[in-house]
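One file, final_37.cif, is given below (mmCIF, C-alpha atoms and all ligand atoms).
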data_start
loop_
_atom_site.label_atom_id
_atom_site.label_comp_id
_atom_site.auth_asym_id
_atom_site.auth_seq_id
_atom_site.Cartn_x
_atom_site.Cartn_y
_atom_site.Cartn_z
CA MET J 1 -142.90 -112.70 31.60
CA SER J 2 -139.82 -110.56 31.36
CA MET J 3 -136.76 -111.71 33.31
CA GLU J 4 -135.25 -108.24 33.01
CA ILE J 5 -134.29 -106.49 36.25
CA PRO J 6 -135.67 -102.91 36.66
CA LEU J 7 -132.22 -101.34 36.14
CA GLY J 8 -131.93 -103.11 32.79
CA ARG J 9 -135.15 -101.54 31.68
CA VAL J 10 -134.27 -97.96 32.60
CA ARG J 11 -130.63 -98.00 31.56
CA GLY J 12 -129.90 -95.54 28.76
CA LEU J 13 -133.32 -93.94 28.90
CA GLY J 14 -132.48 -90.59 30.52
CA ALA J 15 -134.41 -87.36 29.98
CA ALA J 16 -135.54 -88.23 26.47
CA GLY J 17 -136.97 -91.68 27.19
CA GLU J 18 -134.44 -93.23 24.78
CA GLY J 19 -130.87 -92.49 23.98
CA ALA J 20 -128.10 -94.86 22.97
CA GLU J 21 -129.13 -95.00 19.32
CA HIS J 22 -129.50 -91.22 19.14
CA TRP J 23 -126.06 -90.75 20.70
CA TRP J 24 -124.45 -93.21 18.30
CA GLN J 25 -126.09 -91.61 15.24
CA GLU J 26 -124.83 -88.21 16.36
CA ARG J 27 -121.24 -89.60 16.35
CA LEU J 28 -121.66 -91.36 12.96
CA THR J 29 -123.05 -88.22 11.36
CA SER J 30 -120.18 -86.19 12.91
CA ILE J 31 -117.60 -88.27 11.08
CA ALA J 32 -119.50 -88.11 7.80
CA ALA J 33 -120.14 -84.37 8.23
CA PHE J 34 -116.45 -83.79 8.87
CA LEU J 35 -115.34 -85.58 5.69
CA LEU J 36 -118.00 -83.92 3.54
CA LEU J 37 -117.28 -80.51 5.05
CA VAL J 38 -113.61 -80.79 4.09
CA TRP J 39 -114.68 -81.76 0.57
CA LEU J 40 -117.12 -78.81 0.39
CA ALA J 41 -114.63 -76.24 1.70
CA VAL J 42 -111.88 -77.38 -0.67
CA SER J 43 -114.29 -77.47 -3.64
CA LEU J 44 -115.74 -74.02 -2.98
CA LEU J 45 -112.33 -72.42 -2.47
CA ARG J 46 -111.11 -73.97 -5.71
CA LEU J 47 -114.01 -72.66 -7.80
CA PRO J 48 -113.02 -69.54 -9.79
CA GLY J 49 -116.02 -67.68 -8.30
CA LEU J 50 -119.47 -68.19 -6.86
CA ASP J 51 -121.46 -66.69 -9.75
CA HIS J 52 -124.50 -68.53 -11.06
CA ARG J 53 -122.90 -70.11 -14.10
CA THR J 54 -119.92 -71.46 -12.13
CA VAL J 55 -122.03 -72.87 -9.30
CA ALA J 56 -124.67 -74.38 -11.59
CA SER J 57 -122.18 -76.08 -13.90
CA TRP J 58 -120.20 -77.34 -10.90
CA LEU J 59 -123.34 -78.93 -9.38
CA ALA J 60 -124.29 -80.41 -12.75
CA ASP J 61 -121.27 -82.73 -12.38
CA PRO J 62 -122.26 -85.95 -10.56
CA PHE J 63 -118.98 -85.83 -8.64
CA ALA J 64 -120.15 -82.56 -7.10
CA ALA J 65 -123.91 -83.20 -6.97
CA VAL J 66 -123.69 -86.54 -5.16
CA PRO J 67 -121.37 -85.40 -2.34
CA MET J 68 -123.51 -82.27 -2.02
CA LEU J 69 -126.66 -84.40 -1.64
CA LEU J 70 -124.88 -86.48 0.97
CA PHE J 71 -123.65 -83.37 2.76
CA VAL J 72 -127.16 -81.90 2.94
CA GLY J 73 -128.59 -85.18 4.22
CA VAL J 74 -125.88 -85.75 6.81
CA ALA J 75 -125.72 -82.14 8.02
CA PHE J 76 -129.47 -81.85 8.51
CA TRP J 77 -129.66 -85.23 10.20
CA HIS J 78 -126.80 -84.31 12.54
CA LEU J 79 -128.22 -80.89 13.41
CA LYS J 80 -131.73 -82.28 13.93
CA LEU J 81 -130.38 -84.82 16.45
CA GLY J 82 -128.19 -82.12 18.01
CA LEU J 83 -130.86 -79.46 18.43
CA GLN J 84 -133.16 -82.10 19.89
CA VAL J 85 -130.58 -82.90 22.59
CA VAL J 86 -130.29 -79.23 23.46
CA VAL J 87 -134.08 -78.98 23.89
CA GLU J 88 -134.12 -82.14 26.02
CA ASP J 89 -131.45 -80.59 28.26
CA TYR J 90 -133.24 -77.30 28.89
CA VAL J 91 -136.97 -77.77 28.33
CA HIS J 92 -138.50 -79.89 31.08
CA ASP J 93 -142.19 -79.24 30.58
CA ASP J 94 -143.58 -82.13 28.51
CA GLY J 95 -145.87 -79.89 26.44
CA SER J 96 -143.23 -77.36 25.40
CA LYS J 97 -140.68 -80.11 24.88
CA LEU J 98 -143.04 -81.82 22.43
CA PHE J 99 -143.61 -78.50 20.67
CA TRP J 100 -139.88 -77.81 20.22
CA ILE J 101 -139.08 -81.33 19.12
CA LEU J 102 -141.87 -81.25 16.54
CA LEU J 103 -140.67 -77.86 15.31
CA ILE J 104 -137.06 -79.08 15.01
CA ASN J 105 -138.14 -82.22 13.16
CA PHE J 106 -140.45 -80.43 10.76
CA ALA J 107 -138.06 -77.55 10.08
CA SER J 108 -135.03 -79.75 9.47
CA ILE J 109 -136.90 -82.12 7.19
CA LEU J 110 -138.40 -79.19 5.30
CA GLY J 111 -134.99 -77.50 4.94
CA ALA J 112 -133.32 -80.72 3.86
CA ALA J 113 -136.07 -81.48 1.31
CA PHE J 114 -135.77 -78.05 -0.32
CA ALA J 115 -131.99 -78.23 -0.43
CA LEU J 116 -131.97 -81.77 -1.86
CA PHE J 117 -134.57 -80.85 -4.47
CA ALA J 118 -132.55 -77.79 -5.48
CA VAL J 119 -129.38 -79.83 -6.00
CA LEU J 120 -131.23 -82.48 -8.01
CA LYS J 121 -132.88 -79.85 -10.16
CA ILE J 122 -129.53 -78.26 -11.01
CA ALA J 123 -127.93 -81.64 -11.58
CA PHE J 124 -130.65 -82.89 -13.94
CA ALA J 125 -131.08 -79.60 -15.81
CA GLY J 126 -127.33 -79.28 -16.25
CA SER J 127 -127.03 -82.52 -18.18
CA ALA J 128 -128.81 -80.92 -21.15
CA GLU J 129 -125.95 -78.49 -21.83
CA MET A 1 -136.75 -82.19 38.60
CA HIS A 2 -138.86 -82.00 41.77
CA ARG A 3 -136.51 -80.90 44.50
CA ASN A 4 -137.65 -80.18 48.01
CA PRO A 5 -136.28 -76.66 48.59
CA SER A 6 -136.06 -77.16 52.34
CA ARG A 7 -133.41 -79.88 51.84
CA PRO A 8 -129.78 -78.80 51.41
CA LEU A 9 -128.37 -78.98 47.87
CA SER A 10 -125.10 -80.76 47.32
CA PRO A 11 -122.50 -78.07 46.60
CA HIS A 12 -121.26 -79.79 43.41
CA LEU A 13 -122.94 -77.13 41.29
CA THR A 14 -121.19 -74.25 43.02
CA ILE A 15 -117.66 -75.68 43.27
CA TRP A 16 -115.95 -75.11 39.96
CA LYS A 17 -113.26 -72.96 38.45
CA TRP A 18 -113.27 -71.52 34.97
CA GLY A 19 -111.05 -73.40 32.55
CA PRO A 20 -110.58 -73.85 28.83
CA HIS A 21 -112.52 -77.13 28.91
CA MET A 22 -115.64 -75.27 30.08
CA LEU A 23 -115.23 -72.60 27.46
CA VAL A 24 -114.89 -75.22 24.71
CA SER A 25 -117.87 -77.18 25.99
CA ILE A 26 -120.05 -74.08 25.91
CA LEU A 27 -118.66 -72.96 22.55
CA HIS A 28 -119.36 -76.37 21.04
CA ARG A 29 -123.01 -76.08 21.97
CA VAL A 30 -123.45 -72.41 21.04
CA THR A 31 -121.71 -72.82 17.69
CA GLY A 32 -123.62 -76.04 16.96
CA VAL A 33 -126.95 -74.31 17.53
CA GLY A 34 -125.90 -71.13 15.70
CA VAL A 35 -124.58 -72.91 12.64
CA GLY A 36 -127.43 -75.41 12.80
CA ILE A 37 -129.95 -72.59 12.44
CA ALA A 38 -128.28 -69.75 10.55
CA GLY A 39 -125.87 -71.87 8.52
CA ALA A 40 -128.56 -74.34 7.50
CA ALA A 41 -130.86 -71.50 6.46
CA ALA A 42 -128.08 -69.93 4.38
CA LEU A 43 -127.28 -73.26 2.72
CA VAL A 44 -130.92 -73.79 1.73
CA TRP A 45 -131.22 -70.22 0.44
CA TRP A 46 -128.03 -70.51 -1.62
CA LEU A 47 -128.97 -73.85 -3.21
CA LEU A 48 -132.58 -72.82 -3.88
CA ALA A 49 -131.46 -69.57 -5.48
CA ALA A 50 -128.98 -71.43 -7.67
CA SER A 51 -131.70 -73.86 -8.77
CA GLU A 52 -134.19 -71.12 -9.61
CA GLY A 53 -131.96 -69.46 -12.17
CA ALA A 54 -129.77 -66.47 -12.82
CA THR A 55 -132.22 -63.79 -11.64
CA ALA A 56 -133.00 -65.40 -8.28
CA TYR A 57 -129.31 -66.09 -7.83
CA ALA A 58 -128.45 -62.45 -8.50
CA THR A 59 -130.80 -61.40 -5.69
CA PHE A 60 -129.16 -63.90 -3.37
CA LEU A 61 -125.68 -62.65 -4.29
CA GLU A 62 -126.72 -59.06 -3.73
CA TRP A 63 -127.65 -59.90 -0.13
CA ALA A 64 -124.78 -62.26 0.45
CA THR A 65 -122.12 -59.84 -0.76
CA TRP A 66 -123.59 -56.81 1.02
CA GLU A 67 -120.69 -55.62 3.17
CA TRP A 68 -122.65 -55.78 6.42
CA ALA A 69 -123.42 -59.43 5.67
CA LEU A 70 -119.81 -60.07 6.69
CA LEU A 71 -121.10 -59.64 10.24
CA ILE A 72 -122.92 -62.90 9.61
CA TRP A 73 -120.45 -64.76 7.35
CA ILE A 74 -117.36 -64.25 9.52
CA PRO A 75 -118.94 -65.40 12.81
CA LEU A 76 -120.67 -68.23 10.92
CA SER A 77 -117.41 -69.46 9.40
CA TRP A 78 -115.67 -69.20 12.77
CA GLY A 79 -118.56 -71.07 14.41
CA LEU A 80 -118.37 -73.88 11.88
CA ILE A 81 -114.59 -74.19 12.30
CA GLN A 82 -114.79 -74.05 16.11
CA HIS A 83 -117.58 -76.64 16.18
CA THR A 84 -115.64 -78.92 13.84
CA LEU A 85 -112.43 -78.71 15.90
CA SER A 86 -114.21 -79.13 19.24
CA GLY A 87 -116.25 -81.89 17.57
CA LEU A 88 -113.05 -83.75 16.73
CA ARG A 89 -111.92 -83.28 20.34
CA HIS A 90 -115.32 -84.56 21.45
CA MET A 91 -114.86 -87.75 19.43
CA VAL A 92 -111.44 -88.41 20.98
CA MET A 93 -112.90 -87.92 24.45
CA ASP A 94 -115.89 -90.12 23.60
CA ILE A 95 -113.43 -92.93 22.94
CA GLY A 96 -112.20 -92.31 26.47
CA ALA A 97 -108.90 -90.62 25.70
CA GLY A 98 -107.46 -87.26 26.63
CA TYR A 99 -108.77 -86.82 30.16
CA GLU A 100 -105.40 -86.14 31.82
CA LEU A 101 -105.68 -82.61 33.18
CA SER A 102 -102.84 -81.06 31.21
CA THR A 103 -103.66 -82.89 27.95
CA ASN A 104 -107.29 -81.94 28.27
CA LYS A 105 -106.44 -78.30 28.85
CA THR A 106 -103.89 -78.15 26.03
CA TRP A 107 -106.26 -79.53 23.42
CA ALA A 108 -109.13 -77.36 24.61
CA ASN A 109 -106.87 -74.32 24.16
CA ILE A 110 -105.67 -75.56 20.77
CA THR A 111 -109.21 -75.77 19.37
CA VAL A 112 -109.93 -72.17 20.39
CA VAL A 113 -106.67 -70.73 19.07
CA ALA A 114 -106.79 -72.80 15.87
CA SER A 115 -110.38 -71.84 15.08
CA VAL A 116 -109.55 -68.13 15.27
CA LEU A 117 -106.37 -68.61 13.22
CA LEU A 118 -108.12 -70.65 10.55
CA THR A 119 -110.94 -68.11 10.34
CA VAL A 120 -108.44 -65.29 9.81
CA LEU A 121 -106.57 -67.32 7.17
CA LEU A 122 -109.82 -68.19 5.41
CA TRP A 123 -110.89 -64.56 5.10
CA LEU A 124 -107.42 -63.37 4.13
CA TYR A 125 -107.53 -65.97 1.37
CA ILE A 126 -111.03 -64.93 0.28
CA PHE A 127 -110.09 -61.25 0.13
CA TYR A 128 -106.49 -61.37 -1.09
CA GLY A 129 -105.63 -64.95 -2.03
CA ARG A 130 -107.51 -65.14 -5.31
CA GLY A 131 -105.93 -61.98 -6.67
C1 LIG J 201 -122.16 -79.43 9.15
C2 LIG J 201 -122.24 -78.54 10.09
C3 LIG J 201 -122.61 -78.91 11.51
C4 LIG J 201 -123.70 -78.47 12.18
C5 LIG J 201 -124.79 -77.52 11.67
C6 LIG J 201 -123.67 -79.08 13.51
C7 LIG J 201 -124.62 -78.87 14.51
C8 LIG J 201 -124.62 -79.47 15.73
C9 LIG J 201 -125.59 -79.23 16.79
C10 LIG J 201 -126.77 -78.27 16.72
C11 LIG J 201 -125.23 -80.01 17.84
C12 LIG J 201 -125.90 -80.08 19.22
C13 LIG J 201 -125.10 -79.27 20.21
C14 LIG J 201 -125.04 -79.82 21.59
O1 LIG J 201 -125.67 -80.85 21.90
O2 LIG J 201 -124.33 -79.22 22.41
C15 LIG J 201 -124.07 -80.76 17.46
C16 LIG J 201 -123.45 -81.69 18.28
C17 LIG J 201 -122.29 -82.34 17.94
N1 LIG J 201 -121.50 -82.12 16.84
FE1 LIG J 201 -122.03 -81.00 15.24
N2 LIG J 201 -122.55 -79.87 13.61
C18 LIG J 201 -121.87 -79.79 12.41
C19 LIG J 201 -120.67 -80.42 12.11
C20 LIG J 201 -119.95 -81.23 12.98
C21 LIG J 201 -118.67 -81.83 12.70
C22 LIG J 201 -117.91 -81.66 11.38
C23 LIG J 201 -118.32 -82.55 13.81
C24 LIG J 201 -117.10 -83.40 14.11
C25 LIG J 201 -115.94 -83.32 13.58
C26 LIG J 201 -119.38 -82.40 14.78
C27 LIG J 201 -119.38 -83.02 16.03
C28 LIG J 201 -120.41 -82.94 16.92
C29 LIG J 201 -120.49 -83.75 18.13
C30 LIG J 201 -119.48 -84.78 18.61
C31 LIG J 201 -121.68 -83.37 18.78
C32 LIG J 201 -122.26 -83.94 20.07
C33 LIG J 201 -121.97 -83.05 21.23
C34 LIG J 201 -122.52 -83.57 22.51
O3 LIG J 201 -123.09 -84.67 22.56
O4 LIG J 201 -122.36 -82.87 23.53
N3 LIG J 201 -120.35 -81.59 14.25
N4 LIG J 201 -123.71 -80.41 16.17
#
Serialized structure, structure tokens:
Amino acid sequence: MSMEIPLGRVRGLGAAGEGAEHWWQERLTSIAAFLLLVWLAVSLLRLPGLDHRTVASWLADPFAAVPMLLFVGVAFWHLKLGLQVVVEDYVHDDGSKLFWILLINFASILGAAFALFAVLKIAFAGSAE
Amino acid sequence: MHRNPSRPLSPHLTIWKWGPHMLVSILHRVTGVGVGIAGAAALVWWLLAASEGATAYATFLEWATWEWALLIWIPLSWGLIQHTLSGLRHMVMDIGAGYELSTNKTWANITVVASVLLTVLLWLYIFYGRG
């Protein structure tokens, strides 16, 4: 039998039914997103242009491809958590809330998968040159 | 969420005054959602086009460098900068610092002014800085 008092069981649950871990991950991904965003902005502004050859040979370098993979992962993770919080704040009907949360999860994972695949493809193809 | 409408509502929701902290709070959410949808879509499009080859990339560039596309790129870059600056402010406040009224107001104002300034500098650099 649980010795937990009722308050202990509900603490941190809130509108979503869970919370502390989500909140903490949103902060961790913020810090990572910030660092990677600075890297991305500096790198893009330092490239001589954004034509295909320049971008493809830049991403063929592991020191560009790996941070880019991390950026995609972190940014999509952060925005998935973030959009989910926004839905939990405004959508109170359980059915529509489920719909929006599923949509956010599917769309962000789909977007992240395509972006990650694209970077890997460039990175692996580029090594042949 | 089930309020009995015949009971009086505490006036806490009607007693407030506009301030920079409210503006920044709203901007943080709006820019997060905007960049999280439009920016993420643009990122995926750009990377996919680059991975598909020179022809697909040329189509992407044609759209991206269309002059009216600036109506998307400039707000998007501002949104990302604003969200990043207010995000940094958020982290400081999450630690529990910066709640003194004047400090809070000053930093809220700084994020708004700095995001506009940085956006202007960014686009000046893109248009004129590379020569
Ligand atoms: C990479 C681009 C980014 C995107 C697409 C993005 C997107 C989002 C979205 C959609 C939210 C939810 C908005 C809300 O709950 O009001 C959010 C929340 C948040 N973002 Fe970002 N973000 C990005 C980068 C950053 C950076 C660089 C930082 C910090 C320096 C940051 C800090 C935060 C924080 C602290 C929250 C939580 C706000 C809250 O709980 O009220 N974000 N982000």
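Here the question is which of A:Val113, A:Ala38, A:Ala108, A:Leu48 gets nearest to ligand LIG 201 (chain J) using only C-alpha atoms and all ligand atoms, and that residue is A:Ala38.
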Using Å and a single decimal, report how far CA of Ala125 in chain J sits from CA of Ala60 in chain J. 7.5 Å
Quick check: residues of chain A within 9 Å of chain J, all atoms listed in the file, returned as a PyMOL selection string. chain A and resi 1+29+32-33+35-37+40-41+43-54+57-58+61+84+87-88+91+125-126+130
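Remark: for ligand LIG 201 (chain J), the closest of the candidate residues A:Ala56, A:Leu124, A:Leu80, A:Ile110 is A:Leu80 (distances computed over only C-alpha atoms and all ligand atoms).
The shortest atom-to-atom distance to ligand LIG 201 (chain J), with all atoms listed in the file taken into account, belongs to J:Val85 out of J:Val66, J:Val85, J:Gln25, J:Trp77.
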Closest of J:Val74, J:Leu47, J:Ala41, J:Ala20 to ligand LIG 201 (chain J), counting all atoms listed in the file, is J:Val74
note - atom C21 of ligand LIG 201 (chain J) and CA of Leu35 in chain J are separated by 8.6 Å
Can you list, as a ChimeraX atom specification, every protein, DNA or RNA residue that comes within 12 Å of Val120 in chain A when you count all atoms listed in the file, leaving out same-chain residues fewer than 5 positions away? /A:74-75,77-78,81,113-115,125-128
